[in-house]
Structure formats: C-alpha cells, structure tokens
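Structure file upload.cif with mmCIF, C-alpha atoms and all ligand atoms:
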data_model
#
loop_
_atom_site.label_atom_id
_atom_site.label_comp_id
_atom_site.auth_asym_id
_atom_site.auth_seq_id
_atom_site.Cartn_x
_atom_site.Cartn_y
_atom_site.Cartn_z
CA TYR A 96 79.24 -10.28 -91.05
CA LYS A 97 76.25 -8.34 -89.91
CA ARG A 98 75.70 -8.81 -86.20
CA ILE A 99 72.40 -10.26 -85.06
CA THR A 100 70.57 -7.96 -82.64
CA VAL A 101 67.37 -8.30 -80.67
CA LYS A 102 65.83 -6.06 -83.32
CA SER A 103 66.94 -8.41 -86.13
CA LEU A 104 65.13 -11.28 -84.42
CA VAL A 105 61.84 -9.41 -84.18
CA ASP A 106 62.28 -8.38 -87.86
CA MET A 107 62.96 -12.02 -88.78
CA LYS A 108 59.62 -13.03 -87.28
CA ALA A 109 57.85 -10.25 -89.18
CA ASN A 110 59.51 -11.49 -92.39
CA LYS A 111 58.62 -15.12 -91.56
CA GLU A 112 62.30 -16.02 -91.43
CA ARG A 113 62.99 -18.83 -88.95
CA ILE A 114 65.44 -18.29 -86.12
CA SER A 115 68.16 -20.83 -85.24
CA MET A 116 69.51 -21.09 -81.71
CA LEU A 117 71.95 -23.48 -80.02
CA THR A 118 73.65 -23.53 -76.66
CA SER A 119 77.38 -23.11 -76.11
CA TYR A 120 79.42 -22.90 -72.94
CA ASP A 121 83.00 -22.49 -74.13
CA PHE A 122 85.17 -20.63 -76.64
CA THR A 123 85.98 -23.43 -79.07
CA MET A 124 82.42 -24.64 -79.46
CA ALA A 125 80.98 -21.11 -79.67
CA LYS A 126 83.44 -20.22 -82.45
CA ILE A 127 82.16 -23.15 -84.53
CA VAL A 128 78.51 -22.32 -83.82
CA ASP A 129 78.97 -18.63 -84.68
CA LYS A 130 80.84 -19.42 -87.92
CA ALA A 131 78.20 -21.99 -88.91
CA GLY A 132 75.64 -19.18 -89.02
CA ILE A 133 73.47 -19.87 -85.99
CA ASP A 134 71.53 -16.71 -85.11
CA VAL A 135 71.43 -16.97 -81.34
CA ILE A 136 73.86 -18.64 -78.94
CA LEU A 137 72.36 -19.46 -75.58
CA VAL A 138 74.73 -19.80 -72.67
CA GLY A 139 72.16 -22.00 -70.96
CA ASP A 140 72.12 -23.08 -67.36
CA SER A 141 72.03 -26.54 -68.97
CA ALA A 142 75.77 -26.06 -68.41
CA SER A 143 74.91 -27.38 -64.96
CA ASN A 144 74.05 -30.72 -66.62
CA VAL A 145 76.35 -31.01 -69.61
CA MET A 146 79.41 -29.17 -68.30
CA ALA A 147 79.29 -29.86 -64.58
CA GLY A 148 77.44 -33.19 -64.49
CA HIS A 149 74.69 -32.14 -62.09
CA GLU A 150 71.32 -33.82 -62.32
CA THR A 151 69.43 -30.50 -62.46
CA THR A 152 70.11 -26.88 -63.40
CA LEU A 153 69.66 -25.70 -59.81
CA PRO A 154 73.25 -25.88 -58.51
CA ILE A 155 74.95 -23.68 -61.11
CA THR A 156 75.95 -20.26 -59.75
CA LEU A 157 75.98 -16.77 -61.23
CA ASP A 158 79.79 -16.83 -61.15
CA HIS A 159 79.81 -20.07 -63.14
CA MET A 160 77.38 -18.63 -65.71
CA ILE A 161 79.54 -15.53 -66.09
CA TYR A 162 82.62 -17.71 -66.61
CA HIS A 163 80.91 -19.67 -69.41
CA ALA A 164 79.43 -16.52 -70.96
CA THR A 165 82.77 -14.70 -70.96
CA ASN A 166 84.43 -17.55 -72.84
CA VAL A 167 81.59 -17.73 -75.37
CA VAL A 168 81.53 -13.98 -76.04
CA ARG A 169 85.26 -14.02 -76.95
CA ALA A 170 84.46 -16.35 -79.86
CA ILE A 171 81.59 -14.41 -81.41
CA ASN A 172 81.47 -12.30 -84.57
CA ARG A 173 77.82 -12.52 -85.58
CA SER A 174 75.55 -14.43 -83.20
CA LEU A 175 73.48 -12.81 -80.48
CA VAL A 176 74.61 -14.14 -77.09
CA VAL A 177 71.88 -14.73 -74.50
CA VAL A 178 72.74 -15.87 -70.98
CA ASP A 179 70.49 -17.69 -68.50
CA LEU A 180 70.08 -16.10 -65.10
CA PRO A 181 70.66 -19.13 -62.87
CA PHE A 182 68.32 -20.39 -60.15
CA GLY A 183 68.46 -18.17 -57.07
CA SER A 184 69.87 -15.11 -58.82
CA TYR A 185 66.55 -13.39 -59.65
CA GLN A 186 63.58 -14.97 -57.84
CA SER A 187 63.82 -13.28 -54.46
CA ASP A 188 63.45 -9.64 -55.49
CA PRO A 189 63.69 -7.33 -58.52
CA LYS A 190 66.76 -5.51 -57.20
CA GLU A 191 68.71 -8.72 -56.88
CA ALA A 192 67.50 -9.75 -60.34
CA LEU A 193 68.78 -6.47 -61.78
CA ARG A 194 72.10 -6.81 -59.96
CA SER A 195 72.53 -10.34 -61.39
CA ALA A 196 71.64 -9.22 -64.92
CA ILE A 197 74.05 -6.28 -64.68
CA ARG A 198 76.86 -8.56 -63.54
CA ILE A 199 76.28 -10.84 -66.55
CA MET A 200 76.21 -7.94 -69.03
CA LYS A 201 79.19 -6.11 -67.51
CA GLU A 202 81.49 -9.02 -66.76
CA SER A 203 80.82 -11.24 -69.80
CA GLY A 204 79.92 -8.79 -72.56
CA ALA A 205 76.83 -10.82 -73.49
CA HIS A 206 73.91 -9.18 -75.27
CA ALA A 207 70.82 -10.31 -73.33
CA VAL A 208 69.60 -12.44 -70.43
CA LYS A 209 66.95 -15.15 -70.12
CA LEU A 210 64.71 -15.78 -67.10
CA GLU A 211 62.26 -18.61 -66.44
CA GLY A 212 58.67 -17.73 -65.60
CA GLY A 213 55.79 -15.36 -66.29
CA SER A 214 53.66 -13.28 -63.94
CA GLU A 215 55.60 -14.51 -60.87
CA ILE A 216 58.71 -12.63 -61.99
CA LYS A 217 57.03 -9.71 -63.72
CA ASP A 218 58.63 -7.04 -61.51
CA SER A 219 62.10 -8.49 -61.99
CA ILE A 220 61.70 -8.52 -65.77
CA LYS A 221 60.46 -4.92 -65.71
CA ARG A 222 63.40 -3.79 -63.58
CA ILE A 223 65.97 -5.45 -65.86
CA LEU A 224 64.35 -4.04 -68.99
CA LYS A 225 64.28 -0.56 -67.46
CA ALA A 226 68.07 -0.76 -67.14
CA GLY A 227 68.31 -1.31 -70.89
CA ILE A 228 69.08 -5.01 -70.74
CA PRO A 229 67.17 -7.13 -73.30
CA VAL A 230 65.21 -10.01 -71.77
CA MET A 231 64.22 -13.34 -73.31
CA GLY A 232 61.40 -15.17 -71.52
CA HIS A 233 61.08 -18.92 -70.95
CA LEU A 234 57.74 -20.66 -70.40
CA GLY A 235 56.39 -24.22 -70.39
CA LEU A 236 58.80 -26.73 -68.91
CA THR A 237 61.05 -24.46 -66.89
CA PRO A 238 63.76 -26.77 -65.51
CA GLN A 239 64.58 -24.52 -62.53
CA SER A 240 61.12 -25.51 -61.20
CA ILE A 241 61.64 -29.24 -61.68
CA TYR A 242 60.98 -30.00 -58.00
CA LYS A 243 57.63 -28.24 -58.29
CA PHE A 244 56.71 -30.24 -61.41
CA GLY A 245 58.26 -33.49 -60.18
CA THR A 246 58.76 -34.66 -63.77
CA TYR A 247 60.37 -33.57 -67.06
CA THR A 248 57.24 -34.54 -68.98
CA VAL A 249 55.36 -32.24 -71.39
CA ARG A 250 53.68 -29.20 -69.74
CA ALA A 251 50.38 -27.36 -70.29
CA LYS A 252 48.37 -30.33 -71.51
CA GLU A 253 45.57 -29.28 -69.17
CA GLU A 254 43.37 -26.25 -69.82
CA ALA A 255 44.31 -24.27 -66.71
CA GLU A 256 48.06 -24.48 -67.28
CA ALA A 257 47.62 -23.76 -71.00
CA GLU A 258 45.54 -20.64 -70.24
CA LYS A 259 48.15 -19.39 -67.76
CA LEU A 260 50.88 -19.98 -70.35
CA LYS A 261 49.00 -18.01 -73.02
CA GLU A 262 48.48 -15.13 -70.60
CA ASP A 263 52.12 -15.22 -69.56
CA ALA A 264 53.25 -15.06 -73.20
CA LEU A 265 51.10 -11.95 -73.77
CA LEU A 266 52.46 -10.46 -70.56
CA LEU A 267 56.08 -11.05 -71.59
CA GLU A 268 55.42 -9.34 -74.91
CA ARG A 269 53.68 -6.42 -73.18
CA LEU A 270 56.53 -6.00 -70.69
CA GLY A 271 58.97 -5.67 -73.58
CA CYS A 272 60.75 -9.02 -73.83
CA PHE A 273 62.32 -9.45 -77.30
CA ALA A 274 61.61 -13.18 -77.58
CA LEU A 275 60.66 -16.20 -75.53
CA VAL A 276 61.52 -19.87 -75.30
CA LEU A 277 58.69 -22.40 -75.13
CA GLU A 278 59.88 -25.73 -73.79
CA LYS A 279 58.06 -29.07 -74.05
CA VAL A 280 54.46 -28.00 -74.63
CA PRO A 281 51.93 -29.35 -77.16
CA ALA A 282 52.68 -28.17 -80.72
CA LYS A 283 49.16 -26.84 -81.18
CA LEU A 284 49.41 -24.63 -78.09
CA ALA A 285 52.87 -23.41 -79.07
CA GLU A 286 51.65 -22.42 -82.52
CA GLU A 287 48.70 -20.59 -81.01
CA VAL A 288 51.04 -18.68 -78.70
CA ALA A 289 53.42 -17.82 -81.55
CA LYS A 290 50.50 -16.46 -83.59
CA SER A 291 49.18 -14.40 -80.68
CA ILE A 292 52.32 -12.28 -80.21
CA SER A 293 54.69 -10.35 -82.46
CA ILE A 294 57.92 -11.29 -80.65
CA PRO A 295 59.59 -14.53 -81.76
CA VAL A 296 58.81 -17.79 -79.99
CA ILE A 297 61.76 -20.19 -79.99
CA GLY A 298 60.68 -23.77 -79.37
CA ILE A 299 62.31 -26.84 -77.88
CA GLY A 300 59.96 -29.80 -77.97
CA ALA A 301 57.23 -27.35 -79.02
CA GLY A 302 56.65 -28.39 -82.62
CA ASN A 303 57.11 -26.60 -85.91
CA GLY A 304 54.49 -23.86 -85.64
CA VAL A 305 56.79 -21.50 -83.77
CA ASP A 306 59.32 -18.93 -85.04
CA GLY A 307 62.56 -20.72 -84.32
CA GLN A 308 64.17 -23.74 -82.69
CA VAL A 309 66.74 -24.30 -79.95
CA LEU A 310 68.62 -27.43 -78.86
CA VAL A 311 71.38 -28.14 -76.39
CA ILE A 312 74.45 -28.56 -78.58
CA HIS A 313 75.79 -31.64 -76.77
CA ASP A 314 72.43 -33.33 -77.37
CA MET A 315 72.13 -32.54 -81.10
CA LEU A 316 75.74 -33.59 -81.68
CA GLY A 317 75.00 -36.94 -80.05
CA MET A 318 77.61 -36.68 -77.33
CA ASP A 319 75.48 -38.56 -74.81
CA HIS A 320 73.65 -41.68 -75.94
CA GLU A 321 71.62 -41.88 -72.74
CA PHE A 322 69.59 -38.69 -73.25
CA SER A 323 67.05 -39.20 -76.04
CA PRO A 324 63.74 -37.39 -75.62
CA ARG A 325 61.34 -37.49 -78.57
CA PHE A 326 62.00 -33.85 -79.54
CA LEU A 327 65.73 -34.40 -80.00
CA ARG A 328 67.08 -34.84 -83.52
CA ARG A 329 70.69 -36.02 -83.52
CA TYR A 330 72.74 -34.46 -86.31
CA ALA A 331 75.88 -36.42 -85.50
CA ASP A 332 77.08 -39.26 -83.34
CA LEU A 333 80.04 -37.56 -81.74
CA ASN A 334 80.03 -39.98 -78.85
CA THR A 335 80.91 -42.85 -81.20
CA ILE A 336 83.34 -40.73 -83.24
CA MET A 337 85.15 -39.46 -80.14
CA THR A 338 85.25 -42.83 -78.43
CA LYS A 339 86.81 -44.40 -81.55
CA ALA A 340 89.40 -41.62 -81.88
CA ILE A 341 90.35 -41.85 -78.23
CA GLN A 342 90.58 -45.65 -78.37
CA ASP A 343 92.80 -45.43 -81.45
CA TYR A 344 95.09 -42.93 -79.72
CA ASN A 345 95.20 -45.11 -76.62
CA LYS A 346 96.12 -48.14 -78.75
CA ASP A 347 98.84 -46.23 -80.62
CA VAL A 348 100.39 -44.91 -77.41
CA LYS A 349 100.41 -48.36 -75.85
CA SER A 350 101.82 -50.04 -78.96
CA GLY A 351 104.45 -47.36 -79.50
CA ASP A 352 103.03 -46.45 -82.93
CA PHE A 353 102.54 -42.82 -81.87
CA PRO A 354 104.48 -40.61 -82.37
CA ASN A 355 106.27 -41.63 -85.58
CA GLU A 356 109.38 -40.02 -87.13
CA ASN A 357 107.41 -37.18 -88.71
CA GLU A 358 105.74 -36.38 -85.46
CA GLN A 359 108.89 -35.62 -83.50
CA TYR A 360 111.65 -32.99 -83.48
O1 LIG B 401 69.60 -24.03 -70.49
C1 LIG B 401 69.23 -24.31 -71.66
O2 LIG B 401 69.94 -24.97 -72.44
C2 LIG B 401 67.92 -23.83 -72.09
C3 LIG B 401 67.41 -24.28 -73.43
C4 LIG B 401 67.10 -25.72 -73.43
C5 LIG B 401 66.25 -23.46 -73.87
O3 LIG B 401 67.31 -23.07 -71.38
NA NA B 402 68.08 -22.88 -69.27
#

Could you spell out this file's structure in structure tokens?
Amino acid sequence: YKRITVKSLVDMKANKERISMLTSYDFTMAKIVDKAGIDVILVGDSASNVMAGHETTLPITLDHMIYHATNVVRAINRSLVVVDLPFGSYQSDPKEALRSAIRIMKESGAHAVKLEGGSEIKDSIKRILKAGIPVMGHLGLTPQSIYKFGTYTVRAKEEAEAEKLKEDALLLERLGCFALVLEKVPAKLAEEVAKSISIPVIGIGAGNGVDGQVLVIHDMLGMDHEFSPRFLRRYADLNTIMTKAIQDYNKDVKSGDFPNENEQY
C-alpha cells in the first residue's frame, strides 16, 4: 500500500477527493481501521472519555497519549497517524509545546500532532512546525476549553465568534498547518472556511461542505447507546452485539455447555 502523507492529504483536497478519518487508541482497533482504508487515524484525547471513562478530555496526560499512540503506530501500514497534544502539554509556552510534540514523535513513531486553538497558540504551532513536525489545527468546539464554553453545544453561531474562527483558519494555513479539524460549527460557516483555504478541513458536526469527515470510532460503531448527538451516524450497534455475545458466553459457562469436546485438549 502507498502510505498516506501530509502531502497526500493536501493533494486530495486539490483533486476534490474526500478524506476519511477515525480515531483509534489501541493496536487491534487501529489494525482494522488501517486495513479498511481510512486515510487518517487520530489518536484523539477523546481517549480520556472512551478509554479512561473521564467526563472531559482534560485529565489525560502526555504519557497516556504516548502509550495509546505507540500501540496504534505498531498496527499501521497505510494510514497517517495524528496524535492530540493533551491539555496542559502545550498551552503554557512554545518551548514546552515543542518538547511535548517531540516526545510524541520520538516515543510513539506517529506522523503528526494536533493542537486545539488559533491565534492564542500561534507561537507554539510555529515552534513545532519549525522542528519539522506536521501540525493539524482544531477550531470550533475545542473540548479542552469546555469549562470556558460551559456547554458542548454548537459553536460560532454568532458573528464575532464566526469571524474569529475564519481568521484563525487563515492563520493556521499561513503558519503551515497541513489540515485542520472543525468541530460542531454551522455547515454554512464550515463550507465557507473550507473554500477559503487550500489545506483540507476535516469536519465533525460541521456538515458536508468540508474536505473530509472524522468520528470517534466507539461512537460510530455504536458501543455506547447513551451518546447520540445529531452529527453522529451509527454504522453498527456493537453495544447490542457485544452484550448478546457476552450474555451467551456467560450462559454457556454457567450451564456447562462451554467448552465442549472439540474445545478441549
Ligand atoms: O479527540 C478526538 O477524538 C478529536 C476528534 C473528535 C476530532 O479531537
Ligand atoms: Na481531541
């Protein structure tokens, strides 16, 4: 297989080819996602929610992210692996941001990092890019700022926030980011942003006028029935499938049906 690079993604946008992206946090899942032909695997800090059970993405540490990323990278033949810099690992100063990005690249073997924010973290993005590390931006609903927003509702519905977002997208392109995620913003705004820049815009809850889509894999596989925002399309109901399989196993163990003669030595 031909490996996906940051260059391939920019070329895909130029050729109007849509980009597919999904999260993964472990070897087994990442192997399936890579083989299925997904272009970009995001080792998201959503691991804080779906792997560790935290309510927000804030508690996950750089060490935890590196652990997940390392396991994902071992499974990959084709996909580009992007890793979230977790909350607290890049906001205080550009040097710390660079140190965190270097640790991710060196210790996990991933191909790029993602940071949340625009002009506020401009110097950190510059510093990381100068070291030769590709950066993906993330604007709109940036979950590391959830306590500032106070809600997970759609962002940039008002003029001022929409203007800032458009400026930030241009800034990220100008700084040299290879792509950016737009999370939970009006579809019309997202399309406008995607048209205004030449780097790919990957949407989540940002409509169909962007250059690619991303979902959290546990969500699109239907592993948790309780999380169902409007933007989520469920491609399977693994929660029901897994629950049934586990109940059947439990029943067979209790009844003595498992293992049978062919399942022993
Ligand atoms: O952490 C994550 O999974 C993300 C995606 C939702 C874009 O940042
Ligand atoms: Na994230």

Quiz item: Residues within 12 Å of ligand NA 402 (chain B) (only C-alpha atoms and all ligand atoms), as an MDAnalysis selection string?
Solution: chainID A and resid 117:120 137:145 151:153 155 160 177:182 208:212 231:241 275:278 299 309:311

Quiz item: How many Å lie between atom CA of A:Leu104 and atom CA of A:Leu157, rounded to one decimal?
Solution: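 Separation between atom CA of A:Leu104 and atom CA of A:Leu157: 26.2 Å.
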
Practice problem: Find, counting all atoms listed in the file, the residue in A:Pro154, A:Gly317, A:Gly298, A:Gly351 that gets nearest to ligand LIG 401 (chain B). | Solution: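 Closest to ligand LIG 401 (chain B), using all atoms listed in the file: A:Gly298.
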
Surrounding residues of stretch 183-198 of chain A excluding itself and chain neighbours under 5 positions, 6 Å, only C-alpha atoms, as a PDB file with C-alpha atoms, in the frame of the given file:
ATOM      1  CA  ASP A 218      58.630  -7.040 -61.510  1.00  0.00           C
ATOM      2  CA  SER A 219      62.100  -8.490 -61.990  1.00  0.00           C
ATOM      3  CA  ILE A 223      65.970  -5.450 -65.860  1.00  0.00           C
TER       4      ILE A 223
END

All residues 9 Å or closer to A:Leu284, all atoms listed in the file, same chain fewer than 4 positions away omitted, as a CSV table (one decimal) with C-alpha atoms, keeping the file's coordinate frame:
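To be explicit, this is the file written out as result_29.csv:
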chain,number,residue,atom,x,y,z
A,251,ALA,CA,50.4,-27.4,-70.3
A,252,LYS,CA,48.4,-30.3,-71.5
A,257,ALA,CA,47.6,-23.8,-71.0
A,261,LYS,CA,49.0,-18.0,-73.0
A,280,VAL,CA,54.5,-28.0,-74.6
A,288,VAL,CA,51.0,-18.7,-78.7
A,289,ALA,CA,53.4,-17.8,-81.6
A,301,ALA,CA,57.2,-27.4,-79.0

Practice problem: Rank A:Val348, A:Ile136, A:Ala264, A:Ile199 by their smallest atom-to-atom distance to ligand LIG 401 (chain B), using all atoms listed in the file, and report the top residue only. | Solution: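 Checking each candidate against ligand LIG 401 (chain B), we get A:Ile136 as the closest.
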
Quiz item: Could you name the residues that touch A:Tyr344 at 9 Å or less, counting only C-alpha atoms, but leaving out those on the same chain fewer than 5 positions away, as a PyMOL selection string?
Solution: chain A and resi 339+349+353

Practice problem: Could you tell me which of A:Asp158, A:Glu268, A:Asp134, A:Asp352 comes closest to A:Ser293 if we count only C-alpha atoms? | Solution: A:Glu268

Exercise. Using all atoms listed in the file, pick whichever of A:Leu327, A:Ile312, A:Leu267, A:Met146 has the shortest atom-to-atom distance to A:Lys221.
Key: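 Of all the options, A:Leu267 lies closest to A:Lys221.
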
Self-check item: Coordinates-based distance that separates atom CA of A:Leu316 from atom CA of A:Lys346 (Å, one decimal)
Solution: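 Value for the atom CA of A:Lys346-atom CA of A:Leu316 distance: 25.2 Å.
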
Practice problem: Excluding A:Arg169 and any residue of its chain fewer than 2 positions from it, enumerate the residues within 10 Å of it, using only C-alpha atoms, and give them as a list in words. | Solution: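 Using only C-alpha atoms, the neighbours found are Asp121, Phe122, Thr123, Ala125, Lys126, Ala164, Thr165, Asn166, Val167, Ile171, Asn172, Ser203, Gly204 and Ala205 of chain A.
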
Practice problem: Choose the residue, out of A:Asp314, A:Glu287, A:Asp106, A:Asp129, that has the smallest atom-to-atom separation from ligand LIG 401 (chain B); count all atoms listed in the file. | Solution: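 With all atoms listed in the file as the atom set, the closest residue is A:Asp314.
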
Exercise. Could you please determine the separation between atom CA of A:Lys259 and atom CA of A:Gly213 in Å, to one decimal place?
Key: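 Taking atom CA of A:Lys259 as the start and atom CA of A:Gly213 as the end point, the length is 8.8 Å.
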
Exercise. Return the single residue from A:Val296, A:Pro281, A:Ile228, A:Arg222 that is closest to A:Arg250, with distances computed using all atoms listed in the file.
Key: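 For A:Arg250, the nearest of the candidates is A:Pro281.
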
Any chance you could work out the axis-aligned box around stretch 270-285 of chain A, listed atoms only, 4 Å on each side, giving centre and edge lengths in Å to one decimal, as AutoDock Vina command-line options?
--center_x 55.7 --center_y -17.5 --center_z -75.9 --size_x 21.2 --size_y 31.7 --size_z 18.5
